[in-house]
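> Okay, handing you the structure first.
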Amino acid sequence: MVDYHAANNQSSTEGVQIYMEQENDWDRDLLLDPAWEKQQRKTFTAWCNSHLRKSGTQIESIEEDFRDGLKLMLLLETISGERLAKPERGKMRVHKINNVNKALDFIAGKGVKLVSIGAEEIVDGNAKMTLGMIWTIILRFAIQDISVEETSAKEGLLLWCQRKTAPYKNVNVQNFHISWKDGLAFNALIHRHRPDLIDYDSLRKDDPVTNLNNAFEVAEKHLDIPKMLDAEDIVGTLRPDEKAIMTYVSCFYHAFSGAQKAETAANRICKVLAVNQENEQMMEDYEKLASELLEWIRRTIPWLENRTQEKTVTDMQAKQEDFRDYRCVHKPPKVQEKCQLEISFNTLQTKLRLSNRPAFMPSEGRMVSDINGAWHTLEGAEKGYEEWILSEIRRLERLEHLAEKFHQKSKIHESWTDGKEAMLTQKDYETCTLSEVKALLRKHEAFESDLAAHQDRVEQIAAIAQELNELDYYDSASVNARCQKICDQWDSLGALTQNRKESLERTEKQLESIDELYLEYAKRAAPFNNWMEGAMEDLQDMFIVHNIEEIQGLITAHEQFKSTLAEANKEREAIQAIQAEVQKIAQSNGIKLSAANPYTTITPQSIDSKWEKAMGMVPLRDTALQEELNKQNNNDSLRAKFATQANTVGAYIQAKMEEIGRISIEMNGTLEDQLTNLRDYQTSIMSYMPEINTLEGSHQLIQEALIFDNQYTSYTMEHLRVGWEQLLTTIARTINEVENQILTRDAKGISQEQLYEYRASFNHFDKDHSGALMAEEFKACLISLGYDVENNKQGDSEFARIMSIVDPNNSGAVTFQAFIDFMSRETTDTDTADQVIASFKILAADKTFITAEELRRELPPDQAEYCIARMAPYTGPDAAPGALDYMSFSTALYGESDL
């Protein structure tokens with residue numbers, strides 16, 4: 001066979017350099033240092049023998065035993081698993097050259113450029129060329145396939161060593177020469193994979209020979225890696241040979257490659273399980289928080305729907321105070337819990353979607369919509385309860401006022417009727433003279449006039465009692481009893497009055513004399529006295545007003561009353577003049593008057609006394625009305641103050657709602673910057689909370705003053721509370737959307753620039769800023785991003801496919817989140833059920849089932865137990881005791897649709 005390699009012998013050094021350019025640190029001229037050559041001879045010989053002994057042979061001298069090409073061909077067949085051309089058995093030089101050429105041809109056939117290495121040099125026993133050839137074989141069959149994170153063979157092997165030895169103290173692998181001189185790196189590699197073979201903590205950095213020998217002996221005895229290096233040679237050399245070290249280290253890589261695959265598989269499974277465990281924890285937290293919130297709503301609604309009436313205003317005000325405590329203390333944390341619940345639900349769905357998990361479906365009755373519905377019912381009950389409390393307070397105030405008025409009028413009437421029945425039933429007229437009878441008759445006429453004057457008061461008492469009954473006064477029984485007693489007594493007085501009048505009129509026919517002056521006095525004194533009593537009653541009458549107009553009406557009425565006092569005083573003087581005339585006539589005619597007016601018990605002294613008392617009440621009434629006017633003016637100030645604050649707060653909330661709407665559409669900077677800005681914005685909004693609290697304080701003063709209307713503002717506290725809660729919720733949801741975008745970007749590998757492009761494209765076509773694109777807008781957005789969805793058969797089909805993904809419910813609109821999810825699925829890959837199944841298969845050593853022992857050996861304890869608890873027993877025909885079905889477990893993780 002012609003040695004085609006000889007054609008390249010013109011530049012041996014240049015040829016080797018071409019091949020060696022793959023590794024920058026390799027020898028470019030094959031001029032070996034004597035110490036390096038010694039290390040290479042030993043290492044390469046041991047490496048060759050580690051393979052040749054599988055075929056029942058070995059070599060003693062690397063440059064002598066490969067000269068005839070036979071063992072060289074056998075070595076290549078052993079390490080490649082392939083058959084070479086049949087060797088020539090002759091002893092002549094040409095036979096040897098042909099055999100070596102067959103070996104070199106086989107190496108070249110594997111894509112290796114053998115430059116400046118010819119068969120003649122090998123046959124002639126050229127040590128350097130032979131070592132170079134063996135190194136080329138080692139590179140191709142032991143090192144070339146090593147790649148970690150798409151690095152070159154040498155870099156991949158170095159990176160593998162660095163990662164495996166990273167946790168160990170005093171180990172810092174930076175190269176394949178001096179980093180290995182103290183022997184700790186070799187021991188660390190063994191301990192990382194077989195900690196049972198090495199007591200790493202007992203090794204000392206200052207005893208490299210012991211360390212090296214320990215590692216070499218353990219590797220040869222337990223890992224079937226022959227001793228390829230001498231500890232003394234490595235320690236005694238300034239820089240050990242790279243090729244020798246790499247050759248030896250590659251044996252460790254291949255020895256542990258099975259463990260590496262298992263570790264990779266275990267890492268993948270751990271990652272998937274960690275995601276699932278975190279998601280399950282979030283589901284449990286959601287269910288717990290939702291249950292607690294719904295339970296709180298369930299307990300609270302019956303309390304708000306309780307309409308048990310109280311007997312007094314004080315009792316109802318206590319209920320009102322409890323309601324304020326609920327509004328200001330108990331409800332606000334629940335508002336935050338409700339908002340956090342929605343945010344947790346959205347975040348969980350995003351994480352499930354990003355990890356290709358089925359969407360979370362809360363247990364029945366705990367959906368976000370269920371919570372919103374319950375919350376709506378709560379707020380309806382809350383509004384009704386507040387309105388009921390205020391109406392009850394007004395009703396009880398009215399009842400207390402009426403009851404007080406009833407008892408006051410009843411007391412006056414009962415005081416007047418006291419003794420009247422006895423007076424009407426006496427027979428005094430039977431022994432009287434004519435004049436005395438006439439006096440008695442006229443006295444009776446005066447009494448009838450007085451009785452008629454009191455009829456209005458009796459009717460008022462009955463009317464008040466009727467109103468108390470209609471308003472469901474709690475003590476209506478006693479009111480009715482007292483009213484009935486007064487009415488019965490009034491009917492009796494009427495009958496007795498009529499009987500006495502008839503008796504006096506029968507006697508009157510026999511009696512002539514009458515004292516007209518006494519009669520006139522009695523007739524005028526009685527109405528005047530009744531007027532004074534009515535006036536004093538009115539002056540003491542309680543009043544309840546709700547605005548300035550009502551108190552001003554009372555003041556006007558009082559002023560009108562005062563304007564009649566001069567005329568009343570004239571009447572009083574006229575009545576007193578009648579009594580004076582009586583005295584004058586009696587004195588003039590020598591008439592002996594009795595001690596009292598026979599027609600009336602009203603004396604001039606009692607008239608003057610009542611007049612002075614009534615006149616004393618007038619300024620007191622003036623003061624009371626003025627105080628009430630001041631109170632209503634103060635109430636009006638409270639209305640104006642609340643209105644000013646409410647108008648400011650309402651405008652602020654409206655402005656911020658519009659502002660956050662713009663911010664959510666026009667956000668710039670990185671997502672982290674946006675998140676920071678939004679949180680700063682949220683902090684800024686929360687700094688406005690003192691204004692809300694101030695407004696709540698003003699509202700409490702309004703309610704304590706029982707002010708039920710406010711003409712200065714259209715805002716109510718309830719509307720502003722709802723607006724404030726909506727503002728806080730909107731900001732929290734906007735922050736959550738950005739957080740979900742960060743989750744999407746990090747999980748899907750979407751770059752910041754891509755997110756900007758997607759957001760800009762979406763906002764450009766979202767003309768109405770609704771946060772969603774209609775079908776035609778979405779099509780235009782896709783076209784702007786380079787999708788072929790034009791109006792033709794192929795484009796329509798592609799667009800229909802995309803719409804089925806982004807709008808599975810056929811709502812006709814595409815949200816930004818659905819748009820981002822679609823773009824991320826189009827541009828990135830995620831872990832799949834197939835990958836997880838493949839990883840479990842590696843851990844199970846290609847079995848269709850896995851055992852609990854294998855799971856505990858390969859996975860961290862918590863994740864191993866997590867799998868064992870959830871995996872169903874494997875029931876296949878090849879099942880072993882304790883076998884578990886990892887296929888069904890993967891199905892549960894991803895859902896049937898992914899398999």
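Within each chain, counting starts at residue 1; across the structure tokens, chains are named A, B, ... in the order shown, with ligands numbered 1 upward in that order.
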Residues within 8 Å of range 692-709 of chain A, please, as an NGL selection string. Count only C-alpha atoms; anything in the same chain fewer than 4 positions from it doesn't count.
:A and (546 or 635 or 638-639 or 641-642 or 645-646 or 649 or 688 or 717)
> Extract, using only C-alpha atoms, all DNA, RNA and protein residues at most 9 Å from Asn480 in chain A, discarding same-chain residues fewer than 2 positions from it, and format them as JSON, numbers by chain.
{"A": [462, 465, 466, 469, 475, 476, 477, 478, 482, 483, 484, 485]}
> Which residues, written as a list in words, have at least one atom at most 12 Å from Glu520 in chain A, with only C-alpha atoms counted and residues fewer than 5 positions away on the same chain left out?
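Here the answer would be Ala439, Arg442, Lys443, Glu445, Ala446, Ile514, Asp515, Ala525, Ala526, Pro527, Ala574, Ile575, Gln576, Ala577, Ile578, Gln579, Glu581, Val582, Asn597, Pro598, Tyr599 and Thr600 of chain A.
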> One decimal, Å: what's the distance from CA of Thr237 in chain A over to CA of Phe256 in chain A, could you say?
28.4 Å
> Using only C-alpha atoms, which of A:Lys243, A:Ala813, A:Asn267, A:Leu893 sits nearest Asp766 in chain A?
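Of the candidates, the smallest distance to Asp766 in chain A is held by A:Ala813.
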> For a test of reading the model, state the distance in Å between CA of Ala775 in chain A and CA of Ser811 in chain A, rounded to one decimal.
9.6 Å
> Could you give me, as a PyMOL selection string, the residues within 9 Å of Ser714 in chain A, counting only C-alpha atoms and dropping anything in the same chain fewer than 3 positions from it?
chain A and resi 643+646-647+710-711
> Run DSSP on the backbone and tell me which residues of range 274-429 of chain A come out as helix (DSSP H, G or I); list them as number ranges by chain.
A: 274-305, 313-354, 368-417, 420-425, 428-429
